[in-house]
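**Q** I have a structure here, written as structure tokens, and I will follow up with some questions on it.
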Amino acid sequence: GARSAVFAPLKNIGTIIIDEEHSQSYKQESHPKYNAIDVAIERSKYHNAKVILGSATPSLETYARAKKGVYKLLELRNRVNNRPLPKVEIIDMNKEKNKTSYFSKKLTEMIKDRLEKQEQIILLLNRRGYASFVTCSNCGYVEKCPNCDITLTYHKSSNTLRCHYCGYGNKRIETCPECKEQAIKELGVGTEKVEEEINNLFNCRTIRMDFDTTSTKGAHEKIIEKFKNHEYDILLGTQMIAKGLDFENVTLVGVINSDTSLMIPNFRSSEYTFQLLSQVAGRSGRGNKEGNVIIQTHNPEHYAIELSKTHDYISFYEKEMKIRKELSYSPYYYMTNIKVISKDYDKAKEESNKVGSFLKINLKNSIILGPTVCSVFKVNNLYRFNIIIKYKKEDDLYKTLNYLQEHYKSINNVDIDIDFNPINI
């Protein structure tokens, strides 16, 4: 089931299987915050049951525990039916002559080849919408969400600009509100724009699978079924197509821009990138035909991209663990994230400084980072400041955080949000 299935009122549990255990979706980030894996482990103790954490690309925390003997490590060294892993080729987009196309020369040729052979293709672009933002080419004005500190994404199918944080939307503007020139243009690329280019370049049937096309009940299953029945030649989608799908006739996977997840401001960005590329590569060549994968990037020498070419999880794990150790990040340290939130900017700033000072005084065995503004500073008209606590053993942690939580229940116009072992910071 979904992550909430871990709470199912079963009385005689023998095994709990967490498939694709590395997935961020097991962590619920809204209240009540919980990680389904932690809940599963606690339930297994009560029922004396087994928990199986399955993944081709385990999270660093899970693999580190397996290496230390906290978990028992069971390895599947061969692909199902002993099929060979697909051949992965990395394309340096900096060297491409055609700078206007989202498709490299190699990927274009391979798509045409597969279409001629009546084989199917999966294309990944982990960004939905038509364009990342709209801007004025005359004065540089950028259309932003009035409620959030984020640019609005242009969706061509509905001709709207939408915020992917609060849901705000309005019609696309033609005239710049600042300089009054008709110089508005779209920048950045999303799945809608790539779908348009596919239809211009290739004579094929394309179906798009992202949040916008799967928002209605049963849409997800319908798209998968239609693609499985070869009603479509190309499946284009965001990360939701990267794992768990099994199509025998798919012999080519193309990653349009593998740098999207690499550039997010998160210490786990390299891990997410390696996992995403490895998982989507696994969609190719699952039947009797040989599979190929094309990864397009502007950072071909980055270890997360380089090691995904050889499906080398162990080398990636060792490289990433060295960096995590040097920077005192998980799994070497536990982490707790505190957000101080208010409708009043000055109040949020003032209270976050107080919280930061209080933590530094009371948590002697911890590293306190911040306060700093959150990467998305304003969401739904609420200003947000961030404080990170790193610790190996901190006896006073719960007492200190409980005090803060109780204290801010009585403070008007300020909320405090505490997240243990956060996925996103």
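In the structure tokens, chains take letters A, B, ... by order of appearance, with residues numbered from 1 within each chain and ligands from 1 in the order shown.
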Based on DSSP run over this structure's backbone, return all residues of stretch 203-321 of chain A in helix (DSSP H, G or I), as a PyMOL selection string.
**A** chain A and resi 219-228+239-241+269-281+303-308+313-321
**Q** Set out as a tab-separated table a contact list for stretch 265-346 of chain A and stretch 93-109 of chain A with a cut-off of 10 Å, giving each residue of stretch 265-346 of chain A that qualifies its closest atom pair and distance in Å to one decimal, counting only C-alpha atoms, ordered by chain and rising residue number.
**A**
```
residue	atom	partner	partner_atom	distance
A:Val293	CA	A:Leu107	CA	9.2
A:Ile294	CA	A:Leu107	CA	6.5
A:Ile295	CA	A:Leu107	CA	8.9
A:Gln296	CA	A:Met93	CA	6.2
A:Thr297	CA	A:Met93	CA	5.6
A:His298	CA	A:Met93	CA	5.4
A:Asn299	CA	A:Met93	CA	8.5
A:Pro300	CA	A:Met93	CA	8.7
```
**Q** Could those residues be written to a file, using all heavy atoms, as a compact mmCIF listing (two decimals), in the first residue's frame?
**A**
```
# COMPACT_ATOMS: atom_id res chain seq x y z
N VAL A 293 20.87 3.18 -22.83
CA VAL A 293 20.51 4.36 -22.05
C VAL A 293 21.38 5.53 -22.50
O VAL A 293 22.60 5.37 -22.62
CB VAL A 293 20.70 4.13 -20.53
CG1 VAL A 293 20.31 5.37 -19.73
CG2 VAL A 293 19.91 2.92 -20.06
N ILE A 294 20.77 6.66 -22.76
CA ILE A 294 21.50 7.89 -23.10
C ILE A 294 21.25 8.91 -22.00
O ILE A 294 20.09 9.26 -21.73
CB ILE A 294 21.04 8.47 -24.46
CG1 ILE A 294 21.27 7.48 -25.60
CG2 ILE A 294 21.75 9.79 -24.74
CD1 ILE A 294 22.72 7.23 -25.95
N ILE A 295 22.32 9.36 -21.35
CA ILE A 295 22.21 10.38 -20.30
C ILE A 295 22.82 11.67 -20.81
O ILE A 295 24.01 11.73 -21.10
CB ILE A 295 22.92 9.92 -19.01
CG1 ILE A 295 22.23 8.68 -18.43
CG2 ILE A 295 22.95 11.04 -17.98
CD1 ILE A 295 22.96 8.05 -17.25
N GLN A 296 22.00 12.71 -20.95
CA GLN A 296 22.48 14.02 -21.41
C GLN A 296 22.78 14.89 -20.19
O GLN A 296 21.99 14.98 -19.26
CB GLN A 296 21.42 14.69 -22.28
CG GLN A 296 21.10 13.90 -23.53
CD GLN A 296 20.12 14.60 -24.47
OE1 GLN A 296 20.00 14.24 -25.62
NE2 GLN A 296 19.39 15.60 -23.97
N THR A 297 23.94 15.54 -20.22
CA THR A 297 24.36 16.32 -19.06
C THR A 297 25.29 17.45 -19.47
O THR A 297 25.96 17.39 -20.50
CB THR A 297 25.07 15.41 -18.04
OG1 THR A 297 25.52 16.21 -16.93
CG2 THR A 297 26.28 14.71 -18.65
N HIS A 298 25.36 18.48 -18.62
CA HIS A 298 26.36 19.54 -18.76
C HIS A 298 27.50 19.32 -17.76
O HIS A 298 28.43 20.12 -17.70
CB HIS A 298 25.72 20.91 -18.54
CG HIS A 298 24.79 21.31 -19.66
ND1 HIS A 298 25.23 21.84 -20.84
CD2 HIS A 298 23.44 21.20 -19.77
CE1 HIS A 298 24.19 22.08 -21.63
NE2 HIS A 298 23.11 21.70 -21.00
N ASN A 299 27.38 18.25 -16.95
CA ASN A 299 28.41 17.93 -15.94
C ASN A 299 28.86 16.48 -16.09
O ASN A 299 28.69 15.67 -15.17
CB ASN A 299 27.84 18.14 -14.53
CG ASN A 299 27.51 19.59 -14.25
OD1 ASN A 299 28.37 20.38 -13.91
ND2 ASN A 299 26.24 19.93 -14.42
N PRO A 300 29.45 16.11 -17.24
CA PRO A 300 29.77 14.71 -17.49
C PRO A 300 30.81 14.11 -16.56
O PRO A 300 30.88 12.89 -16.41
CB PRO A 300 30.29 14.71 -18.94
CG PRO A 300 30.78 16.11 -19.16
CD PRO A 300 29.88 16.98 -18.35
```
**Q** Need to verify the contact set: A:His164, 9 Å, only C-alpha atoms, exclusion of same-chain residues closer than 4 positions in sequence. Can you return it as a ChimeraX atom specification?
**A** /A:150,152-153,168
**Q** Might you pull out every residue within 10 Å of A:Ser366, with only C-alpha atoms counted and same-chain residues fewer than 5 positions away left off, and present them as JSON, numbers by chain?
**A** {"A": [333, 334, 335, 359, 360, 388, 389, 390, 391, 392, 393, 394, 397]}
**Q** Excluding same-chain residues fewer than 6 positions from A:Phe227, what lies within 9 Å of it counting only C-alpha atoms, as a list in words?
**A**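 The contact residues come out as Gln120, Ile207, Asp233, Ile234, Leu235 and Phe247 of chain A.
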**Q** Output N, CA, C and O atoms for every residue in that selection, as a CSV table (one decimal), in the first residue's frame.
**A**
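The file below, result-v8.csv, is the result:
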```
chain,number,residue,atom,x,y,z
A,120,GLN,N,10.0,0.5,-28.1
A,120,GLN,CA,9.5,1.7,-27.4
A,120,GLN,C,10.6,2.4,-26.6
A,120,GLN,O,11.7,1.8,-26.4
A,207,ILE,N,3.0,9.8,-25.1
A,207,ILE,CA,2.2,10.1,-24.0
A,207,ILE,C,3.0,10.6,-22.8
A,207,ILE,O,4.1,10.2,-22.6
A,233,ASP,N,4.4,5.1,-28.6
A,233,ASP,CA,5.8,4.7,-28.8
A,233,ASP,C,6.7,5.2,-27.8
A,233,ASP,O,7.7,4.6,-27.5
A,234,ILE,N,6.4,6.5,-27.3
A,234,ILE,CA,7.3,7.1,-26.4
A,234,ILE,C,6.5,7.5,-25.1
A,234,ILE,O,5.4,8.1,-25.2
A,235,LEU,N,7.1,7.2,-24.0
A,235,LEU,CA,6.6,7.6,-22.7
A,235,LEU,C,7.5,8.7,-22.1
A,235,LEU,O,8.7,8.4,-21.9
A,247,PHE,N,8.4,-2.8,-18.8
A,247,PHE,CA,7.9,-2.9,-20.2
A,247,PHE,C,8.9,-3.7,-21.0
A,247,PHE,O,10.1,-3.2,-21.2
```
**Q** What lies within 7 Å of stretch 39-52 of chain A using only C-alpha atoms, ignoring chain neighbours under 4 positions off, as a CSV table (one decimal) with all heavy atoms, in the first residue's frame?
**A**
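File result21.csv, as written:
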```csv
chain,number,residue,atom,x,y,z
A,6,VAL,N,1.5,1.3,6.6
A,6,VAL,CA,2.3,0.8,7.6
A,6,VAL,C,1.5,0.8,9.0
A,6,VAL,O,1.9,0.1,9.9
A,6,VAL,CB,3.6,1.5,7.7
A,6,VAL,CG1,3.4,2.9,8.4
A,6,VAL,CG2,4.7,0.7,8.5
A,12,ASN,N,-1.2,-10.1,13.3
A,12,ASN,CA,-0.2,-11.2,13.2
A,12,ASN,C,0.7,-10.9,12.0
A,12,ASN,O,0.7,-11.7,11.0
A,12,ASN,CB,-1.0,-12.5,13.0
A,12,ASN,CG,0.0,-13.7,13.1
A,12,ASN,OD1,1.1,-13.6,13.6
A,12,ASN,ND2,-0.4,-14.8,12.5
A,13,ILE,N,1.5,-9.9,12.1
A,13,ILE,CA,2.4,-9.5,11.0
A,13,ILE,C,3.7,-10.4,11.1
A,13,ILE,O,4.3,-10.6,12.1
A,13,ILE,CB,2.9,-8.1,11.2
A,13,ILE,CG1,1.6,-7.1,11.1
A,13,ILE,CG2,3.9,-7.7,10.1
A,13,ILE,CD1,1.9,-5.7,11.4
A,14,GLY,N,4.0,-11.0,9.9
A,14,GLY,CA,5.2,-11.8,9.8
A,14,GLY,C,6.3,-11.1,9.1
A,14,GLY,O,7.5,-11.2,9.5
A,15,THR,N,6.0,-10.3,8.1
A,15,THR,CA,7.0,-9.6,7.3
A,15,THR,C,6.4,-8.3,6.8
A,15,THR,O,5.3,-8.2,6.4
A,15,THR,CB,7.4,-10.4,6.0
A,15,THR,OG1,7.8,-11.7,6.5
A,15,THR,CG2,8.6,-9.8,5.3
A,16,ILE,N,7.2,-7.2,6.9
A,16,ILE,CA,6.9,-5.9,6.3
A,16,ILE,C,7.9,-5.7,5.2
A,16,ILE,O,9.1,-5.6,5.5
A,16,ILE,CB,6.9,-4.8,7.3
A,16,ILE,CG1,5.9,-5.1,8.5
A,16,ILE,CG2,6.5,-3.5,6.6
A,16,ILE,CD1,6.0,-4.1,9.6
A,17,ILE,N,7.5,-5.5,3.9
A,17,ILE,CA,8.4,-5.3,2.8
A,17,ILE,C,8.3,-3.8,2.4
A,17,ILE,O,7.2,-3.3,2.1
A,17,ILE,CB,8.0,-6.2,1.6
A,17,ILE,CG1,8.1,-7.7,2.0
A,17,ILE,CG2,9.0,-5.9,0.5
A,17,ILE,CD1,7.6,-8.6,1.0
A,18,ILE,N,9.4,-3.2,2.5
A,18,ILE,CA,9.6,-1.8,2.0
A,18,ILE,C,10.3,-1.8,0.7
A,18,ILE,O,11.5,-1.9,0.7
A,18,ILE,CB,10.3,-0.9,3.0
A,18,ILE,CG1,9.8,-1.1,4.5
A,18,ILE,CG2,10.3,0.6,2.6
A,18,ILE,CD1,8.6,-0.2,4.9
A,35,ASN,N,8.4,8.7,9.3
A,35,ASN,CA,9.0,7.9,8.2
A,35,ASN,C,8.5,6.5,8.3
A,35,ASN,O,8.6,5.9,9.3
A,35,ASN,CB,10.5,8.0,8.3
A,35,ASN,CG,11.2,7.4,7.1
A,35,ASN,OD1,10.8,6.4,6.5
A,35,ASN,ND2,12.3,8.1,6.6
```
**Q** I'd like the neighbourhood of stretch 282-289 of chain A as JSON, numbers by chain, where a residue qualifies if any of its atoms comes within 6 Å (using only C-alpha atoms), though same-chain residues fewer than 5 positions away should be ignored.
**A** {"A": [248, 250, 251, 252, 253]}
**Q** Given the selection you just returned, output its residues as a file containing C-alpha atoms, formatted as a PDB file, in the first residue's frame.
**A**
```
ATOM      1  CA  GLU A 248       9.449  -5.690 -22.264  1.00  0.00           C
ATOM      2  CA  VAL A 250      11.383  -0.676 -24.065  1.00  0.00           C
ATOM      3  CA  THR A 251      14.928  -0.804 -25.454  1.00  0.00           C
ATOM      4  CA  LEU A 252      15.929   2.858 -25.081  1.00  0.00           C
ATOM      5  CA  VAL A 253      15.854   5.204 -22.104  1.00  0.00           C
TER       6      VAL A 253
END
```
**Q** Counting only C-alpha atoms, which of A:Leu307, A:Ile368, A:Ala183, A:Leu123 gets nearest to A:Ile241?
**A**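 Looking only at the distances to A:Ile241, the closest residue turns out to be A:Leu123.
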**Q** So how many Å separate atom CA of A:Gly1 and atom CA of A:Asp19, to one decimal?
**A**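 Going from atom CA of A:Gly1 over to atom CA of A:Asp19 covers 10.5 Å.
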**Q** Name the closest residue to A:Asn257 among the candidates A:Lys322, A:Leu201, A:Asp419, A:Thr273; distances are taken between atoms, counting only C-alpha atoms.
**A**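 Smallest distance to A:Asn257 is found for A:Thr273.
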**Q** Calculate how many Å separate atom CA of A:Glu326 from atom CA of A:Val355, rounding to one decimal.
**A**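 We find that atom CA of A:Glu326 and atom CA of A:Val355 lie 26.6 Å from each other.
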**Q** What separation in Å, quoted to one decimal, exists between atom CA of A:Arg205 and atom CA of A:Asp92?
**A**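 Between atom CA of A:Arg205 and atom CA of A:Asp92 the gap is 27.7 Å.
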**Q** Among stretch 56-132 of chain A, which residues carry a DSSP assignment of strand (DSSP E or B), reported as a ChimeraX atom specification?
**A** /A:87-92,120-124,131
**Q** Closest to A:Ser261 among A:Leu53, A:Met321, A:Ala281, A:Leu124, using only C-alpha atoms?
**A**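 When distances to A:Ser261 are compared using only C-alpha atoms, the smallest one comes from A:Leu124.
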**Q** Between A:Tyr71, A:Phe7, A:Tyr313, A:Phe385, which is the closest to A:Glu350 once you count only C-alpha atoms?
**A** A:Phe385
